[in-house]
Amino acid sequence: MKTAIVYSSQTGNTEMMAEQIRMGAEGAGRDVLYSNLADGFPDKAEVLSSDLIILGSPAMGSEVLDDDMEDFFSSMEGDISGKKIAIFGSYDWGDGQWLRDWCDRIEGAGAVCVNGEGLKNHLDEIEEDACRALGATQ
């Protein structure tokens, strides 16, 4: 099973989550495509060919996606119908609205948001077990 983990991170908190998710996926024997958007966008076709796509973004501004993730997600939003997608991110304030809105977009595009309202962690309070479990998702 191939899992794509694509994330953006501003302060390192979402990156810490992504690392734990990657460890969970690799520990479950998944073939992992791992990409930090700060290093450039991964090949969209390769991401879309994955059995599970896991996307991460910190909450920005009034609980919206990071600009890089917004650009990346928008570039593939029209092609995700039928895909399984999980989402995660870190936040400082608010209640996770950016993840609920993102899940609505995913489902509106015909994909399945496999982890409901997403996995959110407050700043550097990373729930490693929950992150690893997300990586092991089938």
# chains A, B, ... in the order shown; residues from 1 in each chain; ligands from 1
>>> select_by_dssp(residues="region 14-45 of chain A", states="strand (DSSP E)", output="list in words")
Asp31, Val32, Leu33, Tyr34, Ser35 and Asn36 of chain A
>>> select_by_dssp(residues="chain A", states="helix (DSSP H, G or I)", output="MDAnalysis selection string")
chainID A and resid 13:27 37:39 44:48 67:79 97:108 128:135
>>> residues_around(residues="Val6 (chain A)", least_positions_apart="6", cutoff="7 Å", atoms="only C-alpha atoms", output="ChimeraX atom specification")
/A:34-37,54-56
>>> atom_distance(atom1="CA of Leu52 (chain A)", atom2="CA of Ile85 (chain A)")
5.9 Å
>>> residues_around(residues="region 99-102 of chain A", least_positions_apart="6", cutoff="10 Å", atoms="only C-alpha atoms", output="PyMOL selection string")
chain A and resi 56-59+63-65+70+73+87-90+108+113+116-120
>>> closest_residue(among="A:Met69, A:Ala28, A:Leu33, A:Ile80", to="Ala109 (chain A)", atoms="only C-alpha atoms")
A:Ile80
>>> residues_around(residues="Leu123 (chain A)", least_positions_apart="2", cutoff="9 Å", atoms="only C-alpha atoms", output="ChimeraX atom specification")
/A:11,13-14,90-92,121,125-126
>>> closest_residue(among="A:Leu134, A:Val112, A:Ala86, A:Ala38", to="Gln10 (chain A)", atoms="only C-alpha atoms")
A:Ala38
